[in-house]
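The structure file work.tsv is reproduced below (TSV, C-alpha atoms).
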```tsv
chain	number	residue	atom	x	y	z
B	1	MET	CA	-22.87	-10.39	29.70
B	2	HIS	CA	-23.05	-7.66	27.06
B	3	VAL	CA	-24.73	-9.48	24.18
B	4	THR	CA	-27.55	-7.97	22.18
B	5	SER	CA	-29.60	-9.50	19.40
B	6	ALA	CA	-30.73	-7.96	16.14
B	7	PRO	CA	-32.86	-8.98	13.18
B	8	GLU	CA	-31.14	-11.54	10.99
B	9	LEU	CA	-28.94	-9.92	8.34
B	10	LEU	CA	-27.20	-12.95	6.82
B	11	PRO	CA	-28.03	-16.65	6.91
B	12	PRO	CA	-26.37	-18.18	9.96
B	13	ALA	CA	-24.27	-21.29	9.75
B	14	ASP	CA	-25.96	-24.62	10.50
B	15	PRO	CA	-26.11	-24.64	14.33
B	16	GLY	CA	-25.96	-28.41	14.29
B	17	PHE	CA	-22.46	-28.97	12.97
B	18	ALA	CA	-19.80	-29.71	15.53
B	19	SER	CA	-16.77	-28.35	13.72
B	20	ALA	CA	-15.75	-26.20	10.79
B	21	ARG	CA	-12.81	-25.58	8.52
B	22	LEU	CA	-11.62	-22.04	9.24
B	23	GLY	CA	-9.19	-20.31	6.90
B	24	ILE	CA	-7.20	-17.32	8.17
B	25	ILE	CA	-5.45	-14.96	5.76
B	26	GLY	CA	-2.30	-13.78	7.48
B	27	GLY	CA	-0.05	-15.66	9.87
B	28	GLY	CA	1.04	-13.17	12.53
B	29	GLN	CA	0.26	-13.09	16.23
B	30	LEU	CA	-3.39	-12.17	15.70
B	31	ALA	CA	-3.89	-15.25	13.53
B	32	ARG	CA	-1.97	-17.31	16.10
B	33	MET	CA	-4.26	-16.27	18.95
B	34	THR	CA	-7.35	-16.72	16.76
B	35	ALA	CA	-6.20	-20.24	15.90
B	36	LEU	CA	-5.56	-20.99	19.58
B	37	ALA	CA	-9.18	-20.03	20.27
B	38	ALA	CA	-10.57	-22.02	17.33
B	39	LEU	CA	-8.76	-25.31	17.92
B	40	PRO	CA	-10.49	-26.20	21.24
B	41	LEU	CA	-13.84	-25.69	19.46
B	42	GLY	CA	-12.95	-28.53	17.11
B	43	CYS	CA	-12.14	-26.28	14.19
B	44	GLU	CA	-9.68	-27.27	11.49
B	45	VAL	CA	-7.53	-24.17	10.98
B	46	SER	CA	-5.68	-23.34	7.76
B	47	ILE	CA	-3.32	-20.37	7.33
B	48	LEU	CA	-2.42	-18.45	4.16
B	49	GLU	CA	0.80	-16.53	4.71
B	50	PRO	CA	3.97	-15.92	2.66
B	51	ASN	CA	6.18	-16.92	5.61
B	52	PRO	CA	5.95	-20.70	6.15
B	53	LEU	CA	7.36	-20.25	9.67
B	54	SER	CA	4.98	-17.50	10.77
B	55	PRO	CA	3.63	-17.42	14.35
B	56	ALA	CA	0.30	-18.97	13.29
B	57	ALA	CA	1.86	-21.52	10.96
B	58	GLN	CA	3.62	-23.07	13.96
B	59	LEU	CA	0.23	-24.26	15.24
B	60	THR	CA	-1.15	-26.10	12.23
B	61	PRO	CA	0.20	-28.25	9.41
B	62	LEU	CA	-2.52	-26.80	7.17
B	63	THR	CA	-0.45	-23.80	6.12
B	64	VAL	CA	-0.23	-22.48	2.57
B	65	ALA	CA	2.92	-20.45	1.96
B	66	GLY	CA	1.60	-18.08	-0.67
B	67	ASP	CA	0.77	-14.54	-1.68
B	68	TRP	CA	-2.69	-13.46	-0.54
B	69	ALA	CA	-2.71	-10.81	-3.28
B	70	ASP	CA	-2.73	-13.55	-5.92
B	71	ALA	CA	-6.30	-14.37	-6.97
B	72	GLU	CA	-5.52	-17.96	-8.00
B	73	THR	CA	-3.78	-18.71	-4.71
B	74	LEU	CA	-6.76	-17.31	-2.81
B	75	GLN	CA	-9.21	-19.39	-4.83
B	76	GLN	CA	-7.24	-22.57	-4.12
B	77	PHE	CA	-7.07	-21.69	-0.42
B	78	ALA	CA	-10.80	-20.92	-0.27
B	79	ALA	CA	-11.65	-24.29	-1.80
B	80	ARG	CA	-10.24	-26.14	1.22
B	81	VAL	CA	-12.09	-24.21	3.97
B	82	ASP	CA	-15.69	-23.41	4.96
B	83	VAL	CA	-15.17	-19.79	6.03
B	84	ILE	CA	-12.34	-17.29	5.47
B	85	THR	CA	-11.42	-14.57	7.93
B	86	LEU	CA	-8.56	-12.06	8.14
B	87	GLU	CA	-5.93	-11.11	10.67
B	88	ASN	CA	-5.16	-7.82	8.91
B	89	GLU	CA	-6.75	-5.24	6.63
B	90	PHE	CA	-4.11	-5.39	3.90
B	91	VAL	CA	-5.87	-7.90	1.62
B	92	ASP	CA	-7.46	-6.08	-1.28
B	93	ALA	CA	-11.23	-6.00	-0.92
B	94	GLY	CA	-11.66	-6.48	-4.67
B	95	VAL	CA	-9.84	-9.80	-4.55
B	96	LEU	CA	-12.05	-10.95	-1.65
B	97	ARG	CA	-15.12	-9.95	-3.63
B	98	GLN	CA	-14.04	-12.42	-6.31
B	99	LEU	CA	-14.07	-15.16	-3.65
B	100	GLU	CA	-17.57	-14.16	-2.58
B	101	ASP	CA	-18.75	-14.11	-6.19
B	102	ALA	CA	-17.46	-17.68	-6.49
B	103	GLY	CA	-19.64	-18.70	-3.53
B	104	HIS	CA	-17.08	-18.62	-0.71
B	105	LYS	CA	-17.91	-17.18	2.72
B	106	VAL	CA	-15.62	-14.33	3.76
B	107	PHE	CA	-15.98	-12.44	7.05
B	108	PRO	CA	-15.62	-9.58	7.44
B	109	THR	CA	-17.15	-9.19	4.00
B	110	SER	CA	-15.39	-7.51	1.11
B	111	ALA	CA	-17.87	-4.62	1.32
B	112	SER	CA	-17.09	-4.11	5.01
B	113	LEU	CA	-13.34	-4.32	4.39
B	114	ALA	CA	-13.56	-1.84	1.52
B	115	LEU	CA	-15.10	0.69	3.91
B	116	THR	CA	-12.50	0.18	6.62
B	117	GLN	CA	-9.16	-0.53	4.91
B	118	ASP	CA	-9.31	2.88	3.19
B	119	LYS	CA	-9.30	5.25	6.15
B	120	LEU	CA	-10.77	8.14	4.20
B	121	LEU	CA	-13.74	6.00	3.15
B	122	GLN	CA	-13.96	4.77	6.75
B	123	LYS	CA	-14.21	8.30	8.08
B	124	GLU	CA	-16.83	9.19	5.47
B	125	ALA	CA	-18.91	6.15	6.50
B	126	LEU	CA	-18.71	7.21	10.15
B	127	VAL	CA	-19.81	10.73	9.29
B	128	ARG	CA	-22.78	9.38	7.34
B	129	ALA	CA	-23.75	7.45	10.47
B	130	GLY	CA	-23.70	10.68	12.48
B	131	LEU	CA	-20.66	9.68	14.55
B	132	PRO	CA	-18.14	12.18	15.95
B	133	VAL	CA	-14.73	12.21	14.22
B	134	PRO	CA	-11.93	14.76	13.89
B	135	GLU	CA	-12.47	17.06	10.90
B	136	PHE	CA	-10.71	15.68	7.81
B	137	CYS	CA	-10.28	16.03	4.05
B	138	ALA	CA	-8.38	14.41	1.20
B	139	VAL	CA	-5.19	16.12	0.03
B	140	ALA	CA	-3.66	15.43	-3.38
B	141	SER	CA	-0.80	17.92	-3.39
B	142	PRO	CA	1.47	19.88	-1.04
B	143	GLU	CA	-0.56	22.96	-1.92
B	144	ALA	CA	-3.77	21.23	-0.85
B	145	LEU	CA	-2.10	20.19	2.39
B	146	ALA	CA	-1.03	23.75	3.08
B	147	ALA	CA	-4.57	24.96	2.42
B	148	ALA	CA	-5.96	22.30	4.76
B	149	GLY	CA	-3.61	23.49	7.48
B	150	GLU	CA	-4.84	27.04	7.12
B	151	ARG	CA	-8.45	25.87	7.33
B	152	LEU	CA	-8.14	23.20	10.08
B	153	GLY	CA	-5.37	24.89	12.05
B	154	TRP	CA	-2.03	23.60	13.29
B	155	PRO	CA	-1.03	21.03	14.39
B	156	LEU	CA	-2.70	18.55	12.05
B	157	VAL	CA	-2.09	14.91	11.13
B	158	LEU	CA	-1.29	13.67	7.62
B	159	LYS	CA	-2.19	10.01	7.03
B	160	THR	CA	-1.97	7.42	4.29
B	161	ARG	CA	-5.40	6.15	3.29
B	162	ARG	CA	-4.27	2.50	3.32
B	163	ASN	CA	-1.81	0.16	5.03
B	164	GLY	CA	-0.99	2.32	8.05
B	165	TYR	CA	-0.74	0.92	11.60
B	166	ASP	CA	1.17	1.51	14.85
B	167	GLY	CA	1.93	5.07	13.76
B	168	LYS	CA	3.30	3.96	10.39
B	169	GLY	CA	1.65	6.07	7.73
B	170	ASN	CA	1.07	9.05	10.05
B	171	PHE	CA	2.93	12.35	10.30
B	172	THR	CA	2.04	15.17	12.71
B	173	LEU	CA	2.70	18.64	11.31
B	174	ARG	CA	3.26	21.30	13.95
B	175	SER	CA	3.49	24.17	11.47
B	176	PRO	CA	3.74	24.85	7.71
B	177	ALA	CA	7.50	24.33	8.04
B	178	ASP	CA	6.87	20.58	8.48
B	179	LEU	CA	5.03	20.25	5.18
B	180	PRO	CA	7.96	19.19	2.93
B	181	ALA	CA	9.17	16.56	5.41
B	182	ALA	CA	5.65	15.18	5.90
B	183	TRP	CA	4.93	14.93	2.18
B	184	GLN	CA	8.24	13.20	1.56
B	185	ALA	CA	7.93	10.83	4.55
B	186	LEU	CA	4.52	9.56	3.42
B	187	ARG	CA	5.51	9.63	-0.26
B	188	GLY	CA	2.65	11.89	-1.20
B	189	ASP	CA	3.51	11.75	-4.91
B	190	LEU	CA	2.82	7.99	-4.88
B	191	ASN	CA	0.32	7.37	-2.06
B	192	GLU	CA	-3.22	8.63	-1.56
B	193	LEU	CA	-3.28	10.79	1.57
B	194	PHE	CA	-5.75	12.61	3.75
B	195	VAL	CA	-5.41	15.01	6.65
B	196	GLU	CA	-7.14	15.33	10.02
B	197	ALA	CA	-7.40	18.16	12.48
B	198	PHE	CA	-5.37	17.36	15.59
B	199	TRP	CA	-7.74	16.22	18.33
B	200	HIS	CA	-6.53	17.32	21.77
B	201	PHE	CA	-7.33	14.24	23.83
B	202	ALA	CA	-6.87	13.55	27.53
B	203	LYS	CA	-7.14	9.74	27.15
B	204	GLU	CA	-7.12	7.19	24.38
B	205	LEU	CA	-9.86	4.59	24.76
B	206	ALA	CA	-10.75	1.42	22.89
B	207	VAL	CA	-13.70	-0.95	22.71
B	208	ILE	CA	-13.79	-4.41	21.17
B	209	VAL	CA	-17.15	-5.14	19.58
B	210	THR	CA	-17.96	-8.57	18.15
B	211	ARG	CA	-20.80	-8.62	15.65
B	212	GLY	CA	-22.29	-11.86	14.42
B	213	ARG	CA	-23.50	-12.78	10.97
B	214	ASP	CA	-27.08	-12.28	12.21
B	215	GLY	CA	-26.39	-8.79	13.62
B	216	THR	CA	-26.05	-9.94	17.24
B	217	THR	CA	-23.39	-7.94	19.09
B	218	ALA	CA	-21.18	-8.49	22.12
B	219	THR	CA	-19.31	-5.52	23.62
B	220	TYR	CA	-16.25	-5.71	25.84
B	221	PRO	CA	-15.40	-3.23	28.60
B	222	VAL	CA	-14.10	0.18	27.57
B	223	VAL	CA	-10.33	0.22	28.13
B	224	GLU	CA	-7.67	2.90	28.29
B	225	THR	CA	-4.69	2.43	25.98
B	226	VAL	CA	-1.31	4.08	26.52
B	227	GLN	CA	0.91	4.61	23.48
B	228	HIS	CA	4.69	5.02	23.37
B	229	HIS	CA	6.07	6.22	20.03
B	230	HIS	CA	2.70	5.49	18.39
B	231	VAL	CA	2.76	1.82	19.52
B	232	CYS	CA	0.38	0.49	22.16
B	233	HIS	CA	2.36	-0.03	25.36
B	234	SER	CA	-0.36	-0.92	27.85
B	235	VAL	CA	-4.09	-1.54	28.17
B	236	GLN	CA	-6.07	-1.01	31.39
B	237	ALA	CA	-9.48	-2.59	31.87
B	238	PRO	CA	-11.82	-1.09	32.73
B	239	ALA	CA	-10.87	2.45	31.72
B	240	PRO	CA	-10.76	4.86	34.68
B	241	ILE	CA	-13.67	6.98	33.45
B	242	ALA	CA	-17.16	7.78	34.70
B	243	PRO	CA	-19.85	5.18	33.97
B	244	GLU	CA	-21.79	7.59	31.78
B	245	LEU	CA	-18.69	8.18	29.62
B	246	ALA	CA	-18.11	4.42	29.34
B	247	ALA	CA	-21.73	3.98	28.24
B	248	ARG	CA	-21.34	6.72	25.65
B	249	ALA	CA	-18.10	5.20	24.33
B	250	THR	CA	-19.78	1.80	24.06
B	251	GLU	CA	-22.74	3.27	22.19
B	252	ILE	CA	-20.44	5.02	19.71
B	253	ALA	CA	-18.39	1.85	19.18
B	254	LEU	CA	-21.55	-0.20	18.50
B	255	ARG	CA	-22.82	2.34	15.99
B	256	ALA	CA	-19.43	2.47	14.30
B	257	VAL	CA	-19.13	-1.26	13.64
B	258	THR	CA	-22.75	-1.36	12.51
B	259	ALA	CA	-22.08	1.51	10.08
B	260	VAL	CA	-19.45	-0.57	8.26
B	261	GLY	CA	-21.37	-3.85	8.34
B	262	ALA	CA	-18.89	-5.58	10.61
B	263	VAL	CA	-18.84	-9.34	11.14
B	264	GLY	CA	-16.34	-10.60	13.71
B	265	SER	CA	-14.38	-8.80	16.40
B	266	PHE	CA	-13.51	-5.20	15.49
B	267	GLY	CA	-11.33	-2.78	17.45
B	268	VAL	CA	-12.71	0.74	17.85
B	269	GLU	CA	-10.16	3.36	18.90
B	270	LEU	CA	-11.55	6.50	20.52
B	271	PHE	CA	-10.32	9.86	21.77
B	272	LEU	CA	-11.63	11.36	25.04
B	273	SER	CA	-11.14	15.07	25.68
B	274	ALA	CA	-10.65	16.71	29.06
B	275	THR	CA	-14.20	18.05	28.80
B	276	GLY	CA	-15.75	14.63	28.16
B	277	GLU	CA	-16.11	14.75	24.39
B	278	ILE	CA	-15.55	11.46	22.51
B	279	ALA	CA	-14.46	11.04	18.89
B	280	VAL	CA	-13.70	7.95	16.83
B	281	ASN	CA	-10.02	7.75	15.89
B	282	GLU	CA	-10.28	4.67	13.66
B	283	LEU	CA	-11.64	1.15	13.29
B	284	ALA	CA	-9.61	-2.03	12.88
B	285	PRO	CA	-11.62	-4.69	10.97
B	286	ARG	CA	-10.13	-7.55	12.98
B	287	VAL	CA	-9.19	-8.68	16.45
B	288	HIS	CA	-7.17	-5.93	18.08
B	289	ASN	CA	-4.22	-5.37	20.39
B	290	SER	CA	-6.44	-3.56	22.88
B	291	GLY	CA	-8.40	-6.79	23.40
B	292	HIS	CA	-5.57	-9.21	24.18
B	293	TYR	CA	-6.37	-8.95	27.89
B	294	THR	CA	-9.69	-10.72	27.22
B	295	ILE	CA	-7.95	-14.11	26.91
B	296	GLU	CA	-7.60	-14.36	30.69
B	297	ALA	CA	-9.84	-11.53	31.86
B	298	CYS	CA	-13.16	-12.30	30.17
B	299	ALA	CA	-15.46	-15.30	30.11
B	300	CYS	CA	-15.09	-15.46	26.31
B	301	SER	CA	-12.11	-13.77	24.65
B	302	GLN	CA	-12.25	-11.49	21.63
B	303	PHE	CA	-10.58	-14.30	19.66
B	304	GLU	CA	-13.11	-16.97	20.57
B	305	ASN	CA	-15.98	-14.60	19.93
B	306	HIS	CA	-14.46	-13.72	16.55
B	307	VAL	CA	-14.41	-17.41	15.64
B	308	ARG	CA	-17.98	-17.83	16.84
B	309	ALA	CA	-19.13	-14.76	14.88
B	310	VAL	CA	-17.60	-15.64	11.51
B	311	LEU	CA	-18.85	-19.24	11.77
B	312	GLY	CA	-22.37	-18.09	12.66
B	313	TRP	CA	-22.29	-19.56	16.17
B	314	PRO	CA	-23.76	-17.93	19.32
B	315	LEU	CA	-21.58	-15.26	20.91
B	316	GLY	CA	-20.10	-15.76	24.37
B	317	SER	CA	-20.14	-13.63	27.50
B	318	THR	CA	-17.77	-10.66	27.69
B	319	ARG	CA	-18.01	-10.50	31.49
B	320	LEU	CA	-14.82	-9.51	33.33
B	321	LEU	CA	-13.61	-12.29	35.64
B	322	ALA	CA	-11.82	-9.88	38.00
B	323	PRO	CA	-12.32	-6.25	38.99
B	324	ALA	CA	-9.33	-5.13	36.89
B	325	ALA	CA	-6.94	-6.35	34.21
B	326	VAL	CA	-3.79	-5.00	32.60
B	327	MET	CA	-1.99	-5.98	29.40
B	328	LEU	CA	1.58	-4.94	28.63
B	329	ASN	CA	3.11	-5.43	25.19
B	330	LEU	CA	6.57	-6.96	24.99
B	331	LEU	CA	8.32	-4.83	22.37
B	332	GLY	CA	11.67	-5.54	20.78
B	333	PRO	CA	14.35	-2.86	21.40
B	334	HIS	CA	16.32	-3.53	18.20
B	335	ARG	CA	16.98	-6.23	15.63
B	336	ALA	CA	17.96	-9.38	17.48
B	337	PRO	CA	17.09	-13.06	17.72
B	338	GLY	CA	13.49	-13.56	18.76
B	339	ARG	CA	14.31	-16.04	21.52
B	340	PRO	CA	13.33	-14.44	24.85
B	341	LEU	CA	15.75	-14.20	27.74
B	342	GLY	CA	14.46	-14.19	31.32
B	343	LEU	CA	11.38	-16.30	30.66
B	344	ALA	CA	11.90	-18.37	33.81
B	345	ARG	CA	11.91	-15.22	35.95
B	346	ALA	CA	8.73	-13.99	34.29
B	347	LEU	CA	6.98	-17.31	34.82
B	348	ALA	CA	7.90	-17.17	38.50
B	349	VAL	CA	5.74	-14.07	38.98
B	350	PRO	CA	2.46	-15.23	40.55
B	351	GLU	CA	-0.71	-14.27	38.66
B	352	ALA	CA	1.18	-13.11	35.55
B	353	HIS	CA	0.22	-14.66	32.19
B	354	VAL	CA	2.99	-14.73	29.59
B	355	HIS	CA	2.24	-14.84	25.86
B	356	LEU	CA	5.09	-15.14	23.36
B	357	TYR	CA	4.42	-15.00	19.63
B	358	GLY	CA	7.20	-17.24	18.33
B	359	LYS	CA	8.75	-14.66	16.00
B	360	ALA	CA	12.21	-15.55	14.72
B	361	MET	CA	13.56	-12.00	14.99
B	362	SER	CA	12.74	-9.00	17.12
B	363	GLY	CA	13.02	-5.42	15.93
B	364	ALA	CA	12.69	-1.91	17.31
B	365	GLY	CA	9.10	-1.60	18.52
B	366	ARG	CA	8.12	-5.00	17.12
B	367	LYS	CA	5.44	-6.81	19.16
B	368	MET	CA	7.05	-9.99	20.42
B	369	GLY	CA	4.50	-10.99	23.05
B	370	HIS	CA	2.44	-9.62	25.90
B	371	ILE	CA	1.83	-10.02	29.63
B	372	THR	CA	-1.64	-10.03	31.19
B	373	ALA	CA	-2.39	-9.73	34.90
B	374	LEU	CA	-5.67	-9.60	36.81
B	375	GLY	CA	-6.20	-7.99	40.19
B	376	PRO	CA	-8.54	-6.25	42.60
B	377	THR	CA	-7.35	-2.88	41.21
B	378	VAL	CA	-5.64	-1.67	38.06
B	379	ALA	CA	-2.64	-0.59	40.13
B	380	GLU	CA	-2.14	-4.07	41.59
B	381	ALA	CA	-2.59	-5.73	38.22
B	382	MET	CA	-0.14	-3.28	36.67
B	383	ALA	CA	2.49	-4.03	39.31
B	384	THR	CA	2.23	-7.76	38.60
B	385	ALA	CA	2.37	-7.29	34.83
B	386	ARG	CA	5.37	-4.96	35.05
B	387	GLN	CA	7.32	-7.37	37.23
B	388	ALA	CA	6.91	-10.13	34.64
B	389	ALA	CA	7.49	-7.85	31.66
B	390	HIS	CA	10.70	-6.43	33.09
B	391	ALA	CA	12.11	-9.94	33.40
B	392	ILE	CA	11.93	-10.65	29.65
B	393	HIS	CA	14.43	-9.24	27.16
B	394	PHE	CA	15.20	-9.71	23.48
B	395	HIS	CA	18.83	-9.04	22.53
B	396	PRO	CA	21.69	-10.80	20.72
B	397	LEU	CA	22.94	-13.93	22.40
B	398	THR	CA	26.59	-13.72	23.47
```
Step by step, read the file and then write its structure as structure tokens.
Amino acid sequence: MHVTSAPELLPPADPGFASARLGIIGGGQLARMTALAALPLGCEVSILEPNPLSPAAQLTPLTVAGDWADAETLQQFAARVDVITLENEFVDAGVLRQLEDAGHKVFPTSASLALTQDKLLQKEALVRAGLPVPEFCAVASPEALAAAGERLGWPLVLKTRRNGYDGKGNFTLRSPADLPAAWQALRGDLNELFVEAFWHFAKELAVIVTRGRDGTTATYPVVETVQHHHVCHSVQAPAPIAPELAARATEIALRAVTAVGAVGSFGVELFLSATGEIAVNELAPRVHNSGHYTIEACACSQFENHVRAVLGWPLGSTRLLAPAAVMLNLLGPHRAPGRPLGLARALAVPEAHVHLYGKAMSGAGRKMGHITALGPTVAEAMATARQAAHAIHFHPLT
């Protein structure tokens, strides 16, 4: 069990109450899995999401179909719950600060979200904490981007400061010839951008860290993530790295979430070089795709621990229940009905756990579900997960 305590930072919730009203802003698969973890704990779960048929809205009648950017809608939503949490980082931190000023509990806090939803501010916070990150700088013009390339070297990565995920909002420039296309693709005349030196990594790692309202932390095993076209394809737990590297990655992840005042489960993405150097790629101020395996593979999942953390309850054990676990994302190949084909074949695979998100439509690279498998080795777990994943398809019905 990887749980550590710290001096109290914020007043904890009353440990005596048996249930709570939890409000989740956003209704996608992350909110769905968070709600699935909260309901058995006796929580009343409400969802704020523009789509009344979102994946999370299917689980609870307490769904508000509304715009989370609208301050009045947020205030009305906050009045019906005890604590608000987020499934994404796209809610403006300033609007959440208005909720806090009105006396509502929001976790992660608006201050924490402000540091993480703007990736330039996030990187600056990590540097202030003495954490290793790729070299970076803001760029406000094509000329500034060209100058950054000359200073940092090629290739380099241009990024939007806000609202980027799964490779959206990133553009890798191999040479100065790519500059016009990169600036146009990320709409540099309209969006705030920054640039990072390309970090030559051998593996991409991730760590889920849950941090409670009192500063207590729970860390999950370091995992290896494999990306296809900038979208997470698979997660292997534990990562096939030396114990001392895993300990170093865990230490960096803990310091990173502490640096931004995290409350709840945060995803910390890391780069590992061939020579053993580790750098922080970015933080996600929410439950994270790299931690989906924890539903079956750990004593307490990242989702349950997130609920516990934001409500001020004790954190659960992150102990692995098997020597190895694998998670495979089920990604849509193109726009098609979201109903899965081949589900019966997938369910017939022993030891495979199928999760479908209930999305009405699939799309190219869209996350439609995932498969988790446990095993004595990563290779055996991977074989099980692949067998189930290959059975499921999303394509037009004929």
task = Would you mind listing what lies within 10 Å of Val195 of chain B as a PyMOL selection string, with all atoms listed in the file counted and same-chain residues fewer than 4 positions away left out?
result = chain B and resi 120+134-139+144-145+148-149+152+156-161+170-172
request  = Could you please determine the separation between atom CA of Ala181 of chain B and atom CA of Glu282 of chain B in Å, to one decimal place?
outcome  =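 Straight-line distance from atom CA of Ala181 of chain B to atom CA of Glu282 of chain B works out to 24.2 Å.
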task = Select, from B:Tyr357, B:Trp183, B:Trp313, B:Tyr293, the residue with the minimum atom-to-atom distance to Thr372 of chain B, counting only C-alpha atoms.
result =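 That would be B:Tyr293, the residue with the smallest distance to Thr372 of chain B.
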message = One number please: atom CA of His353 of chain B to atom CA of Thr34 of chain B, in Å, one decimal.
response =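 One can read the atom CA of His353 of chain B to atom CA of Thr34 of chain B distance as 17.3 Å.
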key: Pick from B:Asp214, B:Asp178, B:Glu89, B:Glu224 nearest to Arg162 of chain B, counting only C-alpha atoms   = B:Glu89
request  = Please indicate the distance in Å from atom CA of Ser234 of chain B to atom CA of Ser290 of chain B, rounded to one decimal place.
outcome  = 8.3 Å
task = For Ser265 of chain B, work out the shell of residues within 6 Å, counting all atoms listed in the file and skipping chain neighbours fewer than 6 positions away, then give it as a list in words.
result =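 Answer for this query is Val209, Thr210, Arg286, Val287 and His306 of chain B.
Across B:Leu315, B:Met33, B:Leu320, B:Ile392, the tightest approach to Thr216 of chain B is made by B:Leu315 when counting only C-alpha atoms.
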message = Just want the 10 Å neighbourhood of Gln75 of chain B, counted on only C-alpha atoms, with same-chain residues fewer than 6 positions away dropped. Output as JSON, numbers by chain.
response = {"B": [68, 95, 96, 98, 99, 102, 104]}
Serialized selection, C-alpha atoms, as a compact mmCIF listing (two decimals), in the coordinates of the input:
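Final output, saved to part-v8.txt:
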```txt
# COMPACT_ATOMS: atom_id res chain seq x y z
CA TRP B 68 -2.69 -13.46 -0.54
CA VAL B 95 -9.84 -9.80 -4.55
CA LEU B 96 -12.05 -10.95 -1.65
CA GLN B 98 -14.04 -12.42 -6.31
CA LEU B 99 -14.07 -15.16 -3.65
CA ALA B 102 -17.46 -17.68 -6.49
CA HIS B 104 -17.08 -18.62 -0.71
```
ask   = Given the choices B:Leu86, B:Leu311, B:Ala93, B:Val280, which gets closest to Ser112 of chain B if the distance is worked out from all atoms listed in the file?
value =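 Smallest separation from Ser112 of chain B among the options: B:Ala93.
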request  = Could you check which of B:Val133, B:Leu205, B:Val307, B:Ala344 is closest to Gly23 of chain B, using all atoms listed in the file?
outcome  =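 Of B:Val133, B:Leu205, B:Val307, B:Ala344, the one nearest Gly23 of chain B is B:Val307, counting all atoms listed in the file.
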Nearest-residue call for Gly267 of chain B, choices B:Leu283, B:Leu179, B:Leu30, B:Leu193, using all atoms listed in the file = B:Leu283
Write out as a Markdown table the residues of segment 114-213 of chain B that have any atom within 6 Å of an atom of segment 241-263 of chain B, one row each with the nearest atom pair and its distance in Å to one decimal, counting all atoms listed in the file, sorted by chain and then rising number.
```
| residue | atom | partner | partner_atom | distance |
| --- | --- | --- | --- | --- |
| B:Arg211 | CA | B:Val263 | CA | 5.0 |
| B:Gly212 | CA | B:Val263 | CA | 5.4 |
| B:Arg213 | CA | B:Val263 | CA | 5.8 |
```
Taking all atoms of segment 292-306 of chain B that the file lists and extending 8 Å past them on each side, where is the centre of the axis-aligned box and how long are its edges? Answer in Å to one decimal, as lines of an AutoDock Vina configuration file.
```
center_x = -10.8
center_y = -13.0
center_z = 24.2
size_x = 26.4
size_y = 24.0
size_z = 31.3
```
request  = Pick out the residues sitting within 8 Å of Lys359 of chain B, and hand them over as a ChimeraX atom specification; count only C-alpha atoms, and ignore anything fewer than 3 positions along from it in its own chain.
outcome  = /B:54-55,338-339,362,368
8 Å contact set for Arg335 of chain B, only C-alpha atoms, chain neighbours under 5 positions out, as a PyMOL selection string = chain B and resi 361-364+395
Output C-alpha atoms of each residue in that selection to a file, as a tab-separated table (two decimals), in the coordinates of the input.
```tsv
chain	number	residue	atom	x	y	z
B	361	MET	CA	13.56	-12.00	14.99
B	362	SER	CA	12.74	-9.00	17.12
B	363	GLY	CA	13.02	-5.42	15.93
B	364	ALA	CA	12.69	-1.91	17.31
B	395	HIS	CA	18.83	-9.04	22.53
```
